[in-house]
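Notes follow the structure.
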Amino acid sequence: MISPTAVASPEQALPILLRGVVDLHVQEEFGRKLEKSFKSQVPLKVKAGFDPTSPDLHLGHCVLLKKLRQFQEMGHIVQFVIGDFTALIGDPTGRSEIRKPLTSQQIAENARTYADQVFRILLPDRTDVVFNSSWMNPLGVSGLIRLAALQTVARFLERDDFQKRMSERLPIHLHELLYPLIQGYDSVSLRSDVELGGSDQLFNLLVGRDLMRQHQMEPQVVLTLPLLVGVDGEKKMSKSLGNAVALEDGANEMFGRLMSIPDRLTASYATLLTDLDPSFLANMHPKEAKVLLAKAIVSQFHGVAESEKAEASFERVFSRREVPEEIPEYSVSQGPIRLSSVMVSIGAAKSETLAKQLIRQGAVDWNGQTVLDPFLLVSPAGDILKVGKRFYCRVNSTPPGT
RNA sequence: GGGGAGGUUCCCGAGUGGACAAAGGGAACAGACUGUAAAUCUGUCGCCAGACGGCUUCGGAGGUUCGAAUCCUCCCCUCCCCA
């Protein structure tokens, strides 16, 4: 392992830093910057921005974070930009509709939880966490207008997202055009040497290069990384699409979600998220390979012991269909009470109607017995309730009046 | 500013006076099957109700009608063309 304070030589750094990279603008500049940094031992400033629009980071973000970590290990400094100002706009990239604006309170809240999650991967002493409001607010309206004068409408509308929206007759609001400008101006303020982003960020990143040049600065080098496909195997991983694995997910949850990805994603997950050799996995039984992958990822966030427990629990619950070792416990009012009502008060079903439907469908087990009578009365006293494949709990009753 | 098209259930989208809790697709959930929480097939998918039946919903507020998602009035929002 390289000492984190020494800047590595380009020969050493390039193969690692370029692994998995989609776009590189511009190769020669990157080489020159690495060379110069190595000679002077002045680390490069590597920027990546995150919008605190949702408090939970997921594995999709990790692709980028892992790359940033590699830069840190090569001796460079990460500029971790929290887009508290840009969050007022919302990145229109890949969006078919406008984002709902967040209150400054939500933004602050989200930003706070960010740092905790991020440092599971990044090295704290090689990371500058900065908020872009700190230079955007002083810029003021006149500054923003000067900035806007540097780019043309045609160029901004060219991009795919907007073209698509226009052809689908969906609204594009004026402020959305400002997003790339502001992201680019971040790079000007920070005098970044390199900026990383997802491959869909290329436009925004390149605007940064333009603006730096227009401010008589050496433009940043731009690197983009592949977008991680979500567990549905189709769309980009995103929380709002429900196909994400959150860093905050528990070990069991994370393991299970990873096991559910289509087999063909195993290799790309391995490449982008772990140090496993994808060609090695390709020769294994697909399920074994996926187990290995899931364990490798889970252990990064929960430790090896937890990942092994998650595997055992997965085998137990899904392969052998047994009751998990640890199940939550709930108390309901004393029986006799309808099982469907128990399910609703526990949160296993949203309404009585739904609960009865589940029972009719044979989805509900009471102490290991499938219940088919939607009107069954029970008197809970430590009984085991199973709803669907995944919901298990133990039900007790509280005497009335307590 | 002028002209045209729209806003439907979680999402997309049909429906233009009763047969509409509202087609179809997607998502979600369940069952079967499976190495898997994948794929596939089947079912469910507003709320309440032990079949009957009742209640709330189609941008918002009023109105016409025995009866409205559907007609009228006003308002809000979006898209397109022209200026």
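Ligands are numbered from 1 in the order shown, chains are lettered A, B, ... in the order of the structure tokens, and residues start at 1 in each chain.
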
- Message: Applying 12 Å and only C-alpha atoms (C1' of nucleotides), which residues near stretch 32-34 of chain B remain after dropping the ones on its own chain fewer than 3 positions away? List them as number ranges by chain.
- Response: A: 287, 318-319, 361-362; B: 37-43

- If we count only C-alpha atoms (C1' of nucleotides), which residues of chain B reach to within 10 Å of chain A? Please list them as a VMD selection string. chain B and resid 27 29 to 31 35 to 39 43 to 45 47 to 50 78 to 80

Save the residues we just selected, N, CA, C and O atoms (P, O5', C5', C4', C3', O3' and C1' of nucleotides), as a compact mmCIF listing (two decimals), in the first residue's frame?
```txt
# COMPACT_ATOMS: atom_id res chain seq x y z
P A B 27 -42.95 -4.20 -14.55
O5' A B 27 -43.09 -3.22 -13.30
C5' A B 27 -42.08 -2.25 -13.03
C4' A B 27 -42.51 -1.40 -11.86
C3' A B 27 -42.75 -2.17 -10.57
O3' A B 27 -41.55 -2.40 -9.87
C1' A B 27 -44.55 -0.71 -10.95
P C B 29 -42.70 -5.67 -3.93
O5' C B 29 -44.03 -6.40 -3.47
C5' C B 29 -44.68 -6.00 -2.27
C4' C B 29 -46.02 -6.68 -2.18
C3' C B 29 -46.00 -8.21 -2.33
O3' C B 29 -45.58 -8.84 -1.14
C1' C B 29 -47.73 -7.34 -3.66
P A B 30 -44.85 -10.27 -1.25
O5' A B 30 -46.07 -11.24 -1.58
C5' A B 30 -47.07 -11.50 -0.62
C4' A B 30 -48.13 -12.38 -1.23
C3' A B 30 -47.62 -13.70 -1.77
O3' A B 30 -47.48 -14.65 -0.73
C1' A B 30 -49.05 -12.72 -3.35
P G B 31 -46.49 -15.88 -0.93
O5' G B 31 -47.25 -16.76 -2.00
C5' G B 31 -48.42 -17.48 -1.62
C4' G B 31 -48.91 -18.28 -2.81
C3' G B 31 -47.88 -19.19 -3.45
O3' G B 31 -47.76 -20.41 -2.75
C1' G B 31 -49.01 -17.98 -5.12
P G B 35 -33.14 -25.36 -8.57
O5' G B 35 -32.45 -24.21 -7.73
C5' G B 35 -31.78 -24.53 -6.52
C4' G B 35 -30.98 -23.34 -6.09
C3' G B 35 -31.75 -22.03 -6.14
O3' G B 35 -32.45 -21.87 -4.93
C1' G B 35 -29.66 -21.74 -7.20
P U B 36 -33.93 -21.37 -4.99
O5' U B 36 -33.79 -19.79 -4.90
C5' U B 36 -32.95 -19.21 -3.92
C4' U B 36 -32.73 -17.78 -4.28
C3' U B 36 -33.93 -17.05 -4.84
O3' U B 36 -34.73 -16.66 -3.75
C1' U B 36 -31.93 -16.41 -5.95
P A B 37 -36.27 -16.49 -3.85
O5' A B 37 -36.40 -14.95 -4.19
C5' A B 37 -37.66 -14.33 -4.35
C4' A B 37 -37.37 -12.85 -4.47
C3' A B 37 -36.34 -12.54 -5.52
O3' A B 37 -36.87 -11.54 -6.38
C1' A B 37 -35.82 -11.49 -3.49
P A B 38 -37.71 -11.97 -7.62
O5' A B 38 -36.51 -12.19 -8.64
C5' A B 38 -35.58 -11.14 -8.84
C4' A B 38 -34.87 -11.35 -10.15
C3' A B 38 -35.77 -11.73 -11.32
O3' A B 38 -36.26 -10.58 -11.96
C1' A B 38 -33.96 -13.23 -11.20
P A B 39 -37.60 -10.65 -12.84
O5' A B 39 -37.35 -11.88 -13.83
C5' A B 39 -36.65 -11.68 -15.05
C4' A B 39 -36.76 -12.93 -15.88
C3' A B 39 -38.19 -13.37 -16.17
O3' A B 39 -38.69 -12.72 -17.31
C1' A B 39 -36.94 -15.21 -15.39
P G B 43 -55.01 -15.05 -14.19
O5' G B 43 -55.07 -14.58 -12.67
C5' G B 43 -55.94 -15.23 -11.76
C4' G B 43 -55.60 -14.80 -10.36
C3' G B 43 -55.80 -13.33 -10.05
O3' G B 43 -57.16 -13.04 -9.79
C1' G B 43 -53.74 -14.03 -9.17
P U B 44 -57.70 -11.58 -9.93
O5' U B 44 -56.99 -10.83 -8.72
C5' U B 44 -57.42 -11.06 -7.39
C4' U B 44 -56.62 -10.21 -6.45
C3' U B 44 -56.71 -8.71 -6.71
O3' U B 44 -57.87 -8.18 -6.10
C1' U B 44 -54.46 -9.30 -6.40
P C B 45 -58.52 -6.89 -6.71
O5' C B 45 -57.38 -5.78 -6.54
C5' C B 45 -57.08 -5.21 -5.26
C4' C B 45 -55.86 -4.35 -5.39
C3' C B 45 -56.02 -3.18 -6.33
O3' C B 45 -56.59 -2.09 -5.64
C1' C B 45 -54.01 -4.28 -6.83
P C B 47 -57.34 -0.15 -0.49
O5' C B 47 -58.44 0.51 0.44
C5' C B 47 -58.09 1.55 1.34
C4' C B 47 -59.33 2.04 2.04
C3' C B 47 -60.12 0.97 2.76
O3' C B 47 -59.57 0.70 4.04
C1' C B 47 -61.60 2.30 1.50
P C B 48 -59.76 -0.70 4.71
O5' C B 48 -61.32 -0.73 5.02
C5' C B 48 -61.85 0.04 6.09
C4' C B 48 -63.34 -0.07 6.12
C3' C B 48 -63.93 -1.47 6.25
O3' C B 48 -63.83 -1.96 7.57
C1' C B 48 -65.18 -0.24 4.69
P A B 49 -63.90 -3.50 7.83
O5' A B 49 -65.30 -3.92 7.22
C5' A B 49 -66.48 -3.87 8.02
C4' A B 49 -67.63 -4.39 7.21
C3' A B 49 -67.56 -5.87 6.84
O3' A B 49 -68.00 -6.68 7.89
C1' A B 49 -68.17 -4.60 4.94
P G B 50 -67.39 -8.07 8.16
O5' G B 50 -68.16 -8.86 7.01
C5' G B 50 -67.48 -9.27 5.82
C4' G B 50 -67.80 -10.72 5.53
C3' G B 50 -69.29 -11.01 5.41
O3' G B 50 -69.65 -11.07 4.04
C1' G B 50 -68.18 -12.60 6.81
P U B 78 -47.16 26.55 -15.63
O5' U B 78 -47.22 25.32 -16.64
C5' U B 78 -46.47 24.14 -16.38
C4' U B 78 -46.79 23.11 -17.41
C3' U B 78 -46.53 23.53 -18.85
O3' U B 78 -45.15 23.41 -19.16
C1' U B 78 -48.63 22.47 -18.73
P C B 79 -44.54 24.24 -20.38
O5' C B 79 -45.07 23.42 -21.64
C5' C B 79 -44.57 22.13 -21.92
C4' C B 79 -45.31 21.58 -23.11
C3' C B 79 -45.24 22.44 -24.35
O3' C B 79 -44.03 22.24 -25.05
C1' C B 79 -47.47 21.81 -24.00
P C B 80 -43.40 23.42 -25.86
O5' C B 80 -44.28 23.40 -27.19
C5' C B 80 -44.27 22.27 -28.05
C4' C B 80 -45.28 22.47 -29.14
C3' C B 80 -45.14 23.78 -29.90
O3' C B 80 -44.17 23.67 -30.91
C1' C B 80 -47.40 23.48 -29.29
```

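The gap separating atom CA of A:Ser313 from atom CA of A:Ser397 is 27.4 Å, in Å to one decimal.
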
- Query: Counting only C-alpha atoms (C1' of nucleotides), what is within 9 Å of A:Ser134, bar same-chain residues fewer than 4 positions away, as JSON, numbers by chain?
  - Reply: {"A": [85, 130, 138]}

- Query: Taking into account only C-alpha atoms (C1' of nucleotides), which residue in the set B:G7, B:G13, B:G62, B:G18 is nearest to B:C76?
  - Reply: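 Result for the nearest residue to B:C76: B:G7.
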
- Task: Quick one: pick out all helix (DSSP H, G or I) residues within stretch 34-220 of chain A from a backbone DSSP run and write them as a PyMOL selection string.
- Result: chain A and resi 34-40+59-73+86-88+104-118+124-126+133-148+153-158+160-167+174-190+199-214

- Message: To one decimal place in Å, what is the distance between atom CA of A:Ser279 and atom CA of A:Leu292?
- Response: 13.2 Å

- Message: Could you pull out the strand (DSSP E or B) residues of stretch 99-337 of chain A, going by DSSP on the backbone, and write them as a PyMOL selection string?
- Response: chain A and resi 127-131+194-198+221-225+229+236+246+329-333+337

- Item | Non-local contacts of A:Lys36 (12 Å; only C-alpha atoms (C1' of nucleotides); under 5 positions in same chain excluded) as a list in words | Val7, Ala8, Ser9, Pro10, Glu29, Phe30, Gly31, Gln41, Val42, Pro43, Leu44 and Asp193 of chain A

Can I get the selected residues back with N, CA and C atoms, as a PDB file, in the first residue's frame?
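Writing done, so here's again06.pdb:
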```pdb
ATOM      1  N   VAL A   7       2.767  11.557  -3.539  1.00  0.00           N
ATOM      2  CA  VAL A   7       2.122  11.493  -4.839  1.00  0.00           C
ATOM      3  C   VAL A   7       2.807  10.441  -5.693  1.00  0.00           C
ATOM      4  N   ALA A   8       2.013   9.567  -6.264  1.00  0.00           N
ATOM      5  CA  ALA A   8       2.557   8.474  -7.054  1.00  0.00           C
ATOM      6  C   ALA A   8       2.966   8.952  -8.438  1.00  0.00           C
ATOM      7  N   SER A   9       3.818   8.184  -9.061  1.00  0.00           N
ATOM      8  CA  SER A   9       4.254   8.532 -10.415  1.00  0.00           C
ATOM      9  C   SER A   9       3.137   8.223 -11.395  1.00  0.00           C
ATOM     10  N   PRO A  10       3.139   8.906 -12.555  1.00  0.00           N
ATOM     11  CA  PRO A  10       2.107   8.641 -13.549  1.00  0.00           C
ATOM     12  C   PRO A  10       2.101   7.180 -13.976  1.00  0.00           C
ATOM     13  N   GLU A  29      -3.527  16.086 -21.319  1.00  0.00           N
ATOM     14  CA  GLU A  29      -3.552  17.006 -20.183  1.00  0.00           C
ATOM     15  C   GLU A  29      -3.468  16.244 -18.866  1.00  0.00           C
ATOM     16  N   PHE A  30      -4.145  15.117 -18.836  1.00  0.00           N
ATOM     17  CA  PHE A  30      -4.146  14.303 -17.620  1.00  0.00           C
ATOM     18  C   PHE A  30      -2.728  13.827 -17.326  1.00  0.00           C
ATOM     19  N   GLY A  31      -2.077  13.312 -18.344  1.00  0.00           N
ATOM     20  CA  GLY A  31      -0.703  12.846 -18.177  1.00  0.00           C
ATOM     21  C   GLY A  31       0.200  13.958 -17.679  1.00  0.00           C
ATOM     22  N   GLN A  41       5.377  17.048  -6.080  1.00  0.00           N
ATOM     23  CA  GLN A  41       4.724  16.439  -4.904  1.00  0.00           C
ATOM     24  C   GLN A  41       3.594  17.318  -4.375  1.00  0.00           C
ATOM     25  N   VAL A  42       3.026  18.116  -5.265  1.00  0.00           N
ATOM     26  CA  VAL A  42       1.818  18.862  -4.896  1.00  0.00           C
ATOM     27  C   VAL A  42       0.624  18.066  -5.419  1.00  0.00           C
ATOM     28  N   PRO A  43      -0.231  17.604  -4.536  1.00  0.00           N
ATOM     29  CA  PRO A  43      -1.330  16.745  -4.988  1.00  0.00           C
ATOM     30  C   PRO A  43      -2.311  17.468  -5.907  1.00  0.00           C
ATOM     31  N   LEU A  44      -2.925  16.704  -6.772  1.00  0.00           N
ATOM     32  CA  LEU A  44      -3.979  17.251  -7.620  1.00  0.00           C
ATOM     33  C   LEU A  44      -5.247  17.400  -6.800  1.00  0.00           C
ATOM     34  N   ASP A 193      -8.328  20.363 -10.544  1.00  0.00           N
ATOM     35  CA  ASP A 193      -7.472  19.807 -11.597  1.00  0.00           C
ATOM     36  C   ASP A 193      -8.209  18.727 -12.374  1.00  0.00           C
TER      37      ASP A 193
END
```

Test item: residues at most 10 Å from A:Gln183, only C-alpha atoms (C1' of nucleotides), excluding those fewer than 6 positions along its chain, as a PDB file with N, CA and C atoms, in the first residue's frame:
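The file below, result.pdb, is the result:
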```
ATOM      1  N   ALA A  48     -15.544  16.158  -7.030  1.00  0.00           N
ATOM      2  CA  ALA A  48     -16.771  15.448  -7.374  1.00  0.00           C
ATOM      3  C   ALA A  48     -17.891  16.097  -6.580  1.00  0.00           C
ATOM      4  N   GLY A  49     -19.007  16.278  -7.214  1.00  0.00           N
ATOM      5  CA  GLY A  49     -20.106  16.956  -6.544  1.00  0.00           C
ATOM      6  C   GLY A  49     -21.264  16.016  -6.271  1.00  0.00           C
ATOM      7  N   VAL A  81     -17.738  18.207  -3.090  1.00  0.00           N
ATOM      8  CA  VAL A  81     -18.627  19.361  -3.121  1.00  0.00           C
ATOM      9  C   VAL A  81     -20.053  18.934  -2.782  1.00  0.00           C
ATOM     10  N   GLY A  83     -23.618  19.994  -2.995  1.00  0.00           N
ATOM     11  CA  GLY A  83     -24.317  21.001  -3.788  1.00  0.00           C
ATOM     12  C   GLY A  83     -25.527  21.549  -3.078  1.00  0.00           C
ATOM     13  N   PHE A  85     -26.310  24.598  -2.824  1.00  0.00           N
ATOM     14  CA  PHE A  85     -26.903  25.655  -3.657  1.00  0.00           C
ATOM     15  C   PHE A  85     -27.578  25.055  -4.890  1.00  0.00           C
ATOM     16  N   THR A  86     -26.863  24.154  -5.546  1.00  0.00           N
ATOM     17  CA  THR A  86     -27.428  23.529  -6.749  1.00  0.00           C
ATOM     18  C   THR A  86     -28.677  22.710  -6.432  1.00  0.00           C
ATOM     19  N   ASP A  91     -30.441  18.811 -10.596  1.00  0.00           N
ATOM     20  CA  ASP A  91     -29.781  18.499 -11.859  1.00  0.00           C
ATOM     21  C   ASP A  91     -30.797  17.955 -12.848  1.00  0.00           C
ATOM     22  N   ASN A 132     -21.234  24.374  -1.997  1.00  0.00           N
ATOM     23  CA  ASN A 132     -21.117  25.366  -3.070  1.00  0.00           C
ATOM     24  C   ASN A 132     -21.895  26.653  -2.809  1.00  0.00           C
ATOM     25  N   ASN A 204     -22.228  18.490 -18.245  1.00  0.00           N
ATOM     26  CA  ASN A 204     -21.971  19.395 -17.130  1.00  0.00           C
ATOM     27  C   ASN A 204     -20.485  19.553 -16.863  1.00  0.00           C
ATOM     28  N   LEU A 205     -19.774  18.432 -16.952  1.00  0.00           N
ATOM     29  CA  LEU A 205     -18.344  18.450 -16.646  1.00  0.00           C
ATOM     30  C   LEU A 205     -17.581  19.272 -17.678  1.00  0.00           C
ATOM     31  N   VAL A 207     -18.786  21.736 -19.458  1.00  0.00           N
ATOM     32  CA  VAL A 207     -19.060  23.154 -19.255  1.00  0.00           C
ATOM     33  C   VAL A 207     -18.048  23.722 -18.260  1.00  0.00           C
ATOM     34  N   GLY A 208     -17.710  22.925 -17.266  1.00  0.00           N
ATOM     35  CA  GLY A 208     -16.695  23.334 -16.308  1.00  0.00           C
ATOM     36  C   GLY A 208     -15.375  23.664 -16.996  1.00  0.00           C
TER      37      GLY A 208
END
```

- One decimal, Å: what's the distance from atom CA of A:Pro52 over to atom CA of A:Arg120, could you say? 17.3 Å

- Message: Quick one: residues within 7 Å of A:Gly197, only C-alpha atoms (C1' of nucleotides), excluding same-chain residues fewer than 4 positions away - as an MDAnalysis selection string?
- Response: chainID A and resid 48 64 201 223:225
